[in-house]
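Asker: The file below is query_31.cif, mmCIF, C-alpha atoms and all ligand atoms; chains and numbers go by the auth columns:
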```cif
data_target
loop_
_atom_site.group_PDB
_atom_site.id
_atom_site.type_symbol
_atom_site.label_atom_id
_atom_site.label_comp_id
_atom_site.label_asym_id
_atom_site.label_seq_id
_atom_site.Cartn_x
_atom_site.Cartn_y
_atom_site.Cartn_z
_atom_site.B_iso_or_equiv
_atom_site.auth_seq_id
_atom_site.auth_asym_id
ATOM 1 C CA MET A 1 6.224 10.159 16.281 0.00 1 A
ATOM 2 C CA ALA A 2 6.024 7.659 13.443 0.00 2 A
ATOM 3 C CA LEU A 3 2.598 6.380 12.459 0.00 3 A
ATOM 4 C CA ARG A 4 1.794 2.942 13.797 0.00 4 A
ATOM 5 C CA LEU A 5 -0.597 0.240 12.672 0.00 5 A
ATOM 6 C CA GLY A 6 -4.111 1.085 13.818 0.00 6 A
ATOM 7 C CA ASP A 7 -3.460 4.849 13.910 0.00 7 A
ATOM 8 C CA THR A 8 -5.767 7.094 11.915 0.00 8 A
ATOM 9 C CA ALA A 9 -4.031 8.140 8.683 0.00 9 A
ATOM 10 C CA PRO A 10 -3.700 11.934 8.917 0.00 10 A
ATOM 11 C CA ASP A 11 -5.843 13.868 6.456 0.00 11 A
ATOM 12 C CA PHE A 12 -4.377 16.645 4.286 0.00 12 A
ATOM 13 C CA THR A 13 -5.179 18.782 1.262 0.00 13 A
ATOM 14 C CA VAL A 14 -2.441 19.173 -1.363 0.00 14 A
ATOM 15 C CA ASP A 15 -1.641 19.909 -4.985 0.00 15 A
ATOM 16 C CA THR A 16 -1.136 16.851 -7.162 0.00 16 A
ATOM 17 C CA THR A 17 -0.711 16.028 -10.824 0.00 17 A
ATOM 18 C CA GLU A 18 -4.505 15.649 -10.894 0.00 18 A
ATOM 19 C CA GLY A 19 -5.296 18.927 -9.148 0.00 19 A
ATOM 20 C CA ARG A 20 -5.945 19.721 -5.525 0.00 20 A
ATOM 21 C CA ILE A 21 -6.868 16.647 -3.491 0.00 21 A
ATOM 22 C CA SER A 22 -8.159 16.157 0.041 0.00 22 A
ATOM 23 C CA PHE A 23 -6.817 12.771 1.004 0.00 23 A
ATOM 24 C CA HIS A 24 -9.713 11.252 2.968 0.00 24 A
ATOM 25 C CA GLN A 25 -12.201 12.513 0.398 0.00 25 A
ATOM 26 C CA TYR A 26 -10.069 11.039 -2.405 0.00 26 A
ATOM 27 C CA LEU A 27 -10.082 7.633 -0.681 0.00 27 A
ATOM 28 C CA GLY A 28 -13.845 7.691 -0.175 0.00 28 A
ATOM 29 C CA ASN A 29 -15.096 4.445 1.369 0.00 29 A
ATOM 30 C CA GLY A 30 -12.428 2.261 -0.188 0.00 30 A
ATOM 31 C CA TRP A 31 -8.853 1.286 0.537 0.00 31 A
ATOM 32 C CA GLY A 32 -5.813 3.452 -0.186 0.00 32 A
ATOM 33 C CA VAL A 33 -2.094 3.227 -0.835 0.00 33 A
ATOM 34 C CA LEU A 34 0.019 6.304 -0.191 0.00 34 A
ATOM 35 C CA PHE A 35 3.619 5.835 -1.322 0.00 35 A
ATOM 36 C CA SER A 36 6.554 8.203 -1.477 0.00 36 A
ATOM 37 C CA HIS A 37 9.539 8.183 -3.789 0.00 37 A
ATOM 38 C CA PRO A 38 12.695 10.215 -3.234 0.00 38 A
ATOM 39 C CA LYS A 39 12.892 12.387 -6.325 0.00 39 A
ATOM 40 C CA ASP A 40 11.631 13.021 -9.851 0.00 40 A
ATOM 41 C CA PHE A 41 13.863 12.168 -12.833 0.00 41 A
ATOM 42 C CA THR A 42 15.648 9.370 -10.976 0.00 42 A
ATOM 43 C CA PRO A 43 16.007 5.853 -12.350 0.00 43 A
ATOM 44 C CA VAL A 44 14.491 3.554 -9.730 0.00 44 A
ATOM 45 C CA CYS A 45 11.563 5.924 -9.130 0.00 45 A
ATOM 46 C CA THR A 46 10.856 6.006 -12.864 0.00 46 A
ATOM 47 C CA THR A 47 10.474 2.215 -12.917 0.00 47 A
ATOM 48 C CA GLU A 48 8.342 2.234 -9.764 0.00 48 A
ATOM 49 C CA LEU A 49 5.825 4.761 -11.038 0.00 49 A
ATOM 50 C CA GLY A 50 5.607 2.902 -14.340 0.00 50 A
ATOM 51 C CA ARG A 51 4.962 -0.364 -12.515 0.00 51 A
ATOM 52 C CA VAL A 52 2.210 1.126 -10.350 0.00 52 A
ATOM 53 C CA ALA A 53 0.584 2.659 -13.442 0.00 53 A
ATOM 54 C CA LYS A 54 0.607 -0.770 -15.140 0.00 54 A
ATOM 55 C CA LEU A 55 -0.907 -2.381 -12.039 0.00 55 A
ATOM 56 C CA LYS A 56 -3.690 0.185 -11.708 0.00 56 A
ATOM 57 C CA PRO A 57 -6.383 -2.293 -12.881 0.00 57 A
ATOM 58 C CA GLU A 58 -5.237 -4.711 -10.145 0.00 58 A
ATOM 59 C CA PHE A 59 -5.560 -1.980 -7.490 0.00 59 A
ATOM 60 C CA GLU A 60 -8.977 -1.038 -8.875 0.00 60 A
ATOM 61 C CA LYS A 61 -10.181 -4.660 -8.700 0.00 61 A
ATOM 62 C CA ARG A 62 -9.397 -4.507 -4.992 0.00 62 A
ATOM 63 C CA ASN A 63 -11.125 -1.136 -4.527 0.00 63 A
ATOM 64 C CA VAL A 64 -7.773 0.521 -3.746 0.00 64 A
ATOM 65 C CA LYS A 65 -6.860 4.057 -4.799 0.00 65 A
ATOM 66 C CA VAL A 66 -3.161 4.793 -5.129 0.00 66 A
ATOM 67 C CA ILE A 67 -1.438 8.133 -4.680 0.00 67 A
ATOM 68 C CA GLY A 68 2.285 8.851 -4.982 0.00 68 A
ATOM 69 C CA LEU A 69 4.372 11.611 -3.420 0.00 69 A
ATOM 70 C CA SER A 70 7.683 13.341 -3.753 0.00 70 A
ATOM 71 C CA VAL A 71 9.028 16.665 -2.557 0.00 71 A
ATOM 72 C CA ASP A 72 9.227 17.989 -6.124 0.00 72 A
ATOM 73 C CA PRO A 73 6.663 20.472 -7.510 0.00 73 A
ATOM 74 C CA VAL A 74 3.754 19.671 -9.859 0.00 74 A
ATOM 75 C CA ASP A 75 5.429 21.050 -13.003 0.00 75 A
ATOM 76 C CA SER A 76 8.383 18.730 -12.400 0.00 76 A
ATOM 77 C CA HIS A 77 6.069 15.732 -11.892 0.00 77 A
ATOM 78 C CA SER A 78 4.241 16.604 -15.094 0.00 78 A
ATOM 79 C CA LYS A 79 7.454 16.856 -17.168 0.00 79 A
ATOM 80 C CA TRP A 80 8.745 13.622 -15.657 0.00 80 A
ATOM 81 C CA ALA A 81 5.461 11.862 -16.565 0.00 81 A
ATOM 82 C CA ALA A 82 6.497 12.152 -20.232 0.00 82 A
ATOM 83 C CA ASP A 83 9.720 10.232 -19.467 0.00 83 A
ATOM 84 C CA ILE A 84 7.754 7.583 -17.575 0.00 84 A
ATOM 85 C CA HIS A 85 5.489 7.172 -20.587 0.00 85 A
ATOM 86 C CA GLU A 86 8.443 6.998 -22.980 0.00 86 A
ATOM 87 C CA THR A 87 10.610 4.579 -20.998 0.00 87 A
ATOM 88 C CA GLN A 88 8.019 2.426 -19.177 0.00 88 A
ATOM 89 C CA GLY A 89 5.398 2.332 -21.930 0.00 89 A
ATOM 90 C CA VAL A 90 2.562 3.493 -19.717 0.00 90 A
ATOM 91 C CA LYS A 91 0.941 6.816 -18.881 0.00 91 A
ATOM 92 C CA LEU A 92 0.927 8.060 -15.312 0.00 92 A
ATOM 93 C CA ASN A 93 -2.684 7.297 -14.363 0.00 93 A
ATOM 94 C CA PHE A 94 -2.834 8.147 -10.668 0.00 94 A
ATOM 95 C CA PRO A 95 -2.136 11.372 -8.784 0.00 95 A
ATOM 96 C CA VAL A 96 1.334 12.244 -7.509 0.00 96 A
ATOM 97 C CA ILE A 97 1.500 14.714 -4.635 0.00 97 A
ATOM 98 C CA ALA A 98 3.786 17.744 -4.967 0.00 98 A
ATOM 99 C CA ASP A 99 5.074 18.021 -1.431 0.00 99 A
ATOM 100 C CA ALA A 100 7.614 20.806 -1.890 0.00 100 A
ATOM 101 C CA ASP A 101 6.825 22.200 1.571 0.00 101 A
ATOM 102 C CA ARG A 102 7.100 18.672 3.059 0.00 102 A
ATOM 103 C CA LYS A 103 3.747 18.990 4.776 0.00 103 A
ATOM 104 C CA VAL A 104 2.709 15.417 4.020 0.00 104 A
ATOM 105 C CA SER A 105 6.230 13.991 4.305 0.00 105 A
ATOM 106 C CA ASP A 106 6.433 15.350 7.839 0.00 106 A
ATOM 107 C CA LEU A 107 2.918 14.179 8.774 0.00 107 A
ATOM 108 C CA TYR A 108 3.829 10.664 7.649 0.00 108 A
ATOM 109 C CA ASP A 109 7.481 10.740 8.793 0.00 109 A
ATOM 110 C CA MET A 110 8.745 10.025 5.279 0.00 110 A
ATOM 111 C CA ILE A 111 12.037 11.898 5.653 0.00 111 A
ATOM 112 C CA HIS A 112 14.625 9.924 7.597 0.00 112 A
ATOM 113 C CA PRO A 113 17.463 12.409 8.149 0.00 113 A
ATOM 114 C CA ASN A 114 20.098 9.768 8.816 0.00 114 A
ATOM 115 C CA ALA A 115 19.399 8.340 5.359 0.00 115 A
ATOM 116 C CA ASN A 116 18.903 11.683 3.606 0.00 116 A
ATOM 117 C CA ASP A 117 17.863 14.963 5.184 0.00 117 A
ATOM 118 C CA THR A 118 15.927 16.358 2.219 0.00 118 A
ATOM 119 C CA LEU A 119 14.507 13.460 0.201 0.00 119 A
ATOM 120 C CA THR A 120 11.729 11.084 1.216 0.00 120 A
ATOM 121 C CA VAL A 121 12.505 7.411 1.678 0.00 121 A
ATOM 122 C CA ARG A 122 10.365 4.845 -0.140 0.00 122 A
ATOM 123 C CA SER A 123 7.452 4.679 2.292 0.00 123 A
ATOM 124 C CA VAL A 124 4.224 2.777 1.765 0.00 124 A
ATOM 125 C CA PHE A 125 1.051 3.165 3.821 0.00 125 A
ATOM 126 C CA VAL A 126 -1.948 0.937 3.209 0.00 126 A
ATOM 127 C CA ILE A 127 -5.078 2.548 4.611 0.00 127 A
ATOM 128 C CA GLY A 128 -8.363 0.775 5.238 0.00 128 A
ATOM 129 C CA PRO A 129 -11.904 2.038 4.617 0.00 129 A
ATOM 130 C CA ASP A 130 -11.962 3.114 8.303 0.00 130 A
ATOM 131 C CA LYS A 131 -8.958 5.406 7.489 0.00 131 A
ATOM 132 C CA LYS A 132 -6.723 3.412 9.834 0.00 132 A
ATOM 133 C CA VAL A 133 -3.184 2.454 8.873 0.00 133 A
ATOM 134 C CA LYS A 134 -3.156 -1.273 8.061 0.00 134 A
ATOM 135 C CA LEU A 135 0.424 -1.671 6.850 0.00 135 A
ATOM 136 C CA THR A 136 3.623 0.341 6.605 0.00 136 A
ATOM 137 C CA LEU A 137 6.765 -0.398 4.601 0.00 137 A
ATOM 138 C CA THR A 138 10.014 1.548 4.396 0.00 138 A
ATOM 139 C CA TYR A 139 12.597 0.915 1.698 0.00 139 A
ATOM 140 C CA PRO A 140 15.823 2.828 1.018 0.00 140 A
ATOM 141 C CA ALA A 141 16.301 4.886 -2.144 0.00 141 A
ATOM 142 C CA SER A 142 18.531 2.195 -3.656 0.00 142 A
ATOM 143 C CA THR A 143 15.882 -0.552 -3.632 0.00 143 A
ATOM 144 C CA GLY A 144 12.796 -0.497 -5.811 0.00 144 A
ATOM 145 C CA ARG A 145 9.689 -1.950 -4.207 0.00 145 A
ATOM 146 C CA ASN A 146 7.913 -5.150 -5.221 0.00 146 A
ATOM 147 C CA PHE A 147 4.380 -4.036 -6.043 0.00 147 A
ATOM 148 C CA ASP A 148 3.181 -7.603 -6.602 0.00 148 A
ATOM 149 C CA GLU A 149 3.981 -8.131 -2.923 0.00 149 A
ATOM 150 C CA LEU A 150 1.952 -5.047 -2.091 0.00 150 A
ATOM 151 C CA LEU A 151 -1.062 -6.536 -3.928 0.00 151 A
ATOM 152 C CA ARG A 152 -0.513 -9.839 -2.112 0.00 152 A
ATOM 153 C CA VAL A 153 -0.534 -8.070 1.246 0.00 153 A
ATOM 154 C CA ILE A 154 -3.679 -6.155 0.308 0.00 154 A
ATOM 155 C CA ASP A 155 -5.355 -9.473 -0.560 0.00 155 A
ATOM 156 C CA SER A 156 -4.455 -10.735 2.904 0.00 156 A
ATOM 157 C CA LEU A 157 -5.549 -7.525 4.649 0.00 157 A
ATOM 158 C CA GLN A 158 -8.908 -7.542 2.884 0.00 158 A
ATOM 159 C CA LEU A 159 -9.518 -11.251 3.505 0.00 159 A
ATOM 160 C CA THR A 160 -8.582 -11.126 7.180 0.00 160 A
ATOM 161 C CA ALA A 161 -10.748 -8.020 7.684 0.00 161 A
ATOM 162 C CA GLN A 162 -13.771 -10.066 6.536 0.00 162 A
ATOM 163 C CA HIS A 163 -13.100 -13.509 8.016 0.00 163 A
ATOM 164 C CA ARG A 164 -11.613 -14.897 11.234 0.00 164 A
ATOM 165 C CA VAL A 165 -8.528 -16.186 9.454 0.00 165 A
ATOM 166 C CA ALA A 166 -4.864 -15.268 9.031 0.00 166 A
ATOM 167 C CA THR A 167 -2.609 -15.988 6.064 0.00 167 A
ATOM 168 C CA PRO A 168 0.551 -18.115 6.336 0.00 168 A
ATOM 169 C CA ALA A 169 4.039 -17.341 5.048 0.00 169 A
ATOM 170 C CA ASP A 170 4.172 -16.680 1.311 0.00 170 A
ATOM 171 C CA TRP A 171 0.380 -17.143 1.002 0.00 171 A
ATOM 172 C CA LYS A 172 -1.217 -16.154 -2.274 0.00 172 A
ATOM 173 C CA ARG A 173 -4.859 -15.609 -3.136 0.00 173 A
ATOM 174 C CA GLY A 174 -6.659 -18.964 -3.454 0.00 174 A
ATOM 175 C CA GLU A 175 -4.348 -20.914 -1.139 0.00 175 A
ATOM 176 C CA ASP A 176 -5.384 -22.382 2.221 0.00 176 A
ATOM 177 C CA VAL A 177 -5.485 -20.046 5.213 0.00 177 A
ATOM 178 C CA ILE A 178 -5.090 -20.397 8.967 0.00 178 A
ATOM 179 C CA ILE A 179 -8.010 -20.220 11.399 0.00 179 A
ATOM 180 C CA THR A 180 -7.210 -17.649 14.090 0.00 180 A
ATOM 181 C CA THR A 181 -6.606 -19.010 17.585 0.00 181 A
ATOM 182 C CA ALA A 182 -9.541 -16.957 18.927 0.00 182 A
ATOM 183 C CA VAL A 183 -11.913 -19.322 17.062 0.00 183 A
ATOM 184 C CA THR A 184 -12.896 -22.371 19.145 0.00 184 A
ATOM 185 C CA ASN A 185 -13.109 -25.800 17.502 0.00 185 A
ATOM 186 C CA ASP A 186 -16.906 -25.698 17.904 0.00 186 A
ATOM 187 C CA GLU A 187 -17.041 -22.365 16.064 0.00 187 A
ATOM 188 C CA ALA A 188 -14.560 -23.628 13.464 0.00 188 A
ATOM 189 C CA ASN A 189 -16.795 -26.638 12.750 0.00 189 A
ATOM 190 C CA LYS A 190 -19.607 -24.251 11.861 0.00 190 A
ATOM 191 C CA LEU A 191 -17.531 -21.582 10.100 0.00 191 A
ATOM 192 C CA PHE A 192 -14.972 -23.769 8.328 0.00 192 A
ATOM 193 C CA PRO A 193 -16.371 -27.333 8.026 0.00 193 A
ATOM 194 C CA GLY A 194 -13.691 -29.872 7.134 0.00 194 A
ATOM 195 C CA PHE A 195 -10.838 -27.776 8.530 0.00 195 A
ATOM 196 C CA LYS A 196 -7.552 -29.581 9.197 0.00 196 A
ATOM 197 C CA THR A 197 -5.760 -29.556 12.549 0.00 197 A
ATOM 198 C CA LEU A 198 -1.954 -29.938 12.522 0.00 198 A
ATOM 199 C CA LYS A 199 -1.605 -28.684 16.113 0.00 199 A
ATOM 200 C CA PRO A 200 -4.326 -27.257 18.369 0.00 200 A
ATOM 201 C CA TYR A 201 -3.013 -23.780 17.459 0.00 201 A
ATOM 202 C CA LEU A 202 -2.394 -24.526 13.762 0.00 202 A
ATOM 203 C CA ARG A 203 -5.583 -25.221 11.826 0.00 203 A
ATOM 204 C CA TYR A 204 -5.943 -24.809 8.075 0.00 204 A
ATOM 205 C CA THR A 205 -9.025 -24.232 5.961 0.00 205 A
ATOM 206 C CA LYS A 206 -9.820 -23.383 2.362 0.00 206 A
ATOM 207 C CA GLN A 207 -9.751 -19.651 1.648 0.00 207 A
ATOM 208 C CA PRO A 208 -13.258 -18.405 2.479 0.00 208 A
HETATM 209 C C1 LIG B . 16.385 6.438 -7.850 0.00 301 B
HETATM 210 O O1 LIG B . 15.172 6.471 -7.964 0.00 301 B
HETATM 211 O O2 LIG B . 17.082 5.781 -8.624 0.00 301 B
HETATM 212 C C2 LIG B . 17.066 7.184 -6.720 0.00 301 B
HETATM 213 C C3 LIG B . 16.444 8.265 -6.137 0.00 301 B
HETATM 214 C C4 LIG B . 17.090 8.958 -5.122 0.00 301 B
HETATM 215 C C5 LIG B . 18.330 8.550 -4.697 0.00 301 B
HETATM 216 C C6 LIG B . 18.930 7.444 -5.284 0.00 301 B
HETATM 217 C C7 LIG B . 18.298 6.751 -6.303 0.00 301 B
#
```
Can you give me the file's structure in the form of C-alpha cells?
Ligand code: BEZ

Answerer:
Amino acid sequence: MALRLGDTAPDFTVDTTEGRISFHQYLGNGWGVLFSHPKDFTPVCTTELGRVAKLKPEFEKRNVKVIGLSVDPVDSHSKWAADIHETQGVKLNFPVIADADRKVSDLYDMIHPNANDTLTVRSVFVIGPDKKVKLTLTYPASTGRNFDELLRVIDSLQLTAQHRVATPADWKRGEDVIITTAVTNDEANKLFPGFKTLKPYLRYTKQP
C-alpha cells in the first residue's frame, strides 16, 4: 500500500553515488527529502538534479538532507553527473540512490505501472525528524518539479510543527499566518497578541 502522511518512512540501506547509506542514519535528527527521477541521461531529470544541487544551501539552512533515486546503477549516475555539471553548471552535491533492484522504489511505491512499468515516477517524500512522512508529491515523467515550491512547503511544515498555526494559500515565509481553530480566543490573546479576526474560524497573526 502507498505510504500515507504520518506513516513512518521505511528505512533501507543502499548504494549511492556517495557510498553505502542507511537512510535513517543519513537523515540523523534533521529533516529529509527523498525524491525519485525516472532515468539517468534524460533531459528533464538533468535539469531537476542540477536545480536541487544549486538549492543545496537552501535545504541546508532548513536542516534538510536531500537524496535522489533512480533505478539506474551507480556507474551510470556517476557518468551522468559529468553531464549535469557541464549543462547545469553545478556539481552533483548530494547522494543519488542506485536502485537497480527496485528495493527502495517498491518500498516507497515509486513505480506506477499504468504510467510506466519499469521507471520510477517523480515522487517526493518530505520526512520529519521523527521519521514520519510529512508530505508526498507525485509528478509524471513529462513535468519537472518546482523545487522552490518544495522549499516553501518545508517552511510551512517546519513552522506549523513549532507553532499552533497553519499557512494560507500561496503563503511565503514572512507573511501572516492563520491561527488554528483548536486555539481558543483566550489562548490566542496570550500566544498571538493583536491577532485579527475575519470570521470566528479565520484569524490571522504575524508569522511567529
Ligand atoms: C526526462 O527526464 O526528460 C524523461 C525521463 C523519462 C521519461 C520521459 C522524460

Asker: Please evaluate the PyMOL selection byres (((chain A and resi 76) around 10) and not hetatm) against the displayed coordinates and give the resulting residues as a list of chain:residue names.

Answerer: A:Thr17, A:Lys39, A:Asp40, A:Phe41, A:Asp72, A:Pro73, A:Val74, A:Asp75, A:His77, A:Ser78, A:Lys79, A:Trp80, A:Ala81, A:Ala98

Asker: Using the chain letters and numbers from the file, which residues does the PyMOL selection byres (((not hetatm)) within 6 of (chain B and resi 301)) grab, as JSON, numbers by chain?

Answerer: {"A": [38, 39, 42, 43, 44, 45, 141, 142]}

Asker: Given the file shown, enumerate the residues that the PyMOL selection byres (((chain A and resi 191) around 12) and not hetatm) captures and present them as JSON, numbers by chain.

Answerer: {"A": [163, 164, 165, 179, 180, 183, 184, 185, 186, 187, 188, 189, 190, 192, 193, 194, 195, 205, 206, 207, 208]}

Asker: Write out as a PyMOL selection string the residues lying within 10 Å of Val104 of chain A, counting only C-alpha atoms and excluding same-chain residues fewer than 6 positions away.

Answerer: chain A and resi 10-14+36+69-71+97-98+110

Asker: Using all atoms listed in the file, pick whichever of A:Thr16, A:Gln158, A:Asn93, A:Asn114 has the shortest atom-to-atom distance to Gly50 of chain A.

Answerer: A:Asn93

Asker: Between A:Val153, A:Ala53, A:Ala82, A:Val126, single out the one closest to Lys172 of chain A, counting all atoms listed in the file.

Answerer: A:Val153

Asker: Just how far from atom CA of Tyr204 of chain A is atom CA of Val177 of chain A, in Å to one decimal?

Answerer: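 So the answer is 5.6 Å.
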
Asker: Excluding His24 of chain A and its own-chain neighbours fewer than 3 positions away, which residues fall within 12 Å of it when counting only C-alpha atoms? Please give them as a list in words.

Answerer: Thr8, Ala9, Pro10, Asp11, Phe12, Thr13, Val14, Ile21, Leu27, Gly28, Asn29, Gly30, Trp31, Gly32, Val33, Leu34, Lys65, Ile67, Ile127, Gly128, Pro129, Asp130, Lys131 and Lys132 of chain A

Asker: Extract, using only C-alpha atoms, all DNA, RNA and protein residues at most 8 Å from Ile84 of chain A, discarding same-chain residues fewer than 5 positions from it, and format them as a list in words.

Answerer: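 What passes the distance filter is Thr46, Thr47, Leu49, Gly50, Gly89, Val90, Lys91 and Leu92 of chain A.
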
Asker: Please, what is the axis-aligned box for every listed atom of segment 159-178 of chain A with 4 Å on each side, as centre and edge lengths in Å to one decimal, as lines of an AutoDock Vina configuration file?

Answerer:
```
center_x = -4.8
center_y = -15.2
center_z = 3.9
size_x = 25.9
size_y = 22.4
size_z = 22.7
```

Asker: Pick from A:Phe94, A:Ile154, A:Gly144, A:Gly174: nearest to Lys56 of chain A, with all atoms listed in the file counted?

Answerer: A:Phe94

Asker: Using atom CA of Phe35 of chain A and atom CA of Val66 of chain A as the two end points, give the distance in Å to one decimal.

Answerer: 7.8 Å

Asker: One decimal, Å: what's the distance from atom CA of Lys61 of chain A over to atom CA of Pro168 of chain A, could you say?

Answerer: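 Atom CA of Lys61 of chain A sits 22.9 Å away from atom CA of Pro168 of chain A.
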
Asker: Using only C-alpha atoms, which of A:Ala182, A:Leu137, A:Leu151, A:His37 sits nearest Leu119 of chain A?

Answerer: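 Of A:Ala182, A:Leu137, A:Leu151, A:His37, the one nearest Leu119 of chain A, counting only C-alpha atoms, is A:His37.
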
Asker: Using all atoms listed in the file, which residue out of A:Asp15, A:Val64, A:Gln88, A:Leu150 lies closest to Asp101 of chain A?

Answerer: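 Answer, going by the shortest atom-to-atom distance: A:Asp15.
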
Asker: Which is closer to Asp155 of chain A than all the others in A:Gly6, A:Thr143, A:Asn63, A:Arg173, using all atoms listed in the file?

Answerer: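 Among the listed residues, the smallest separation from Asp155 of chain A belongs to A:Arg173.
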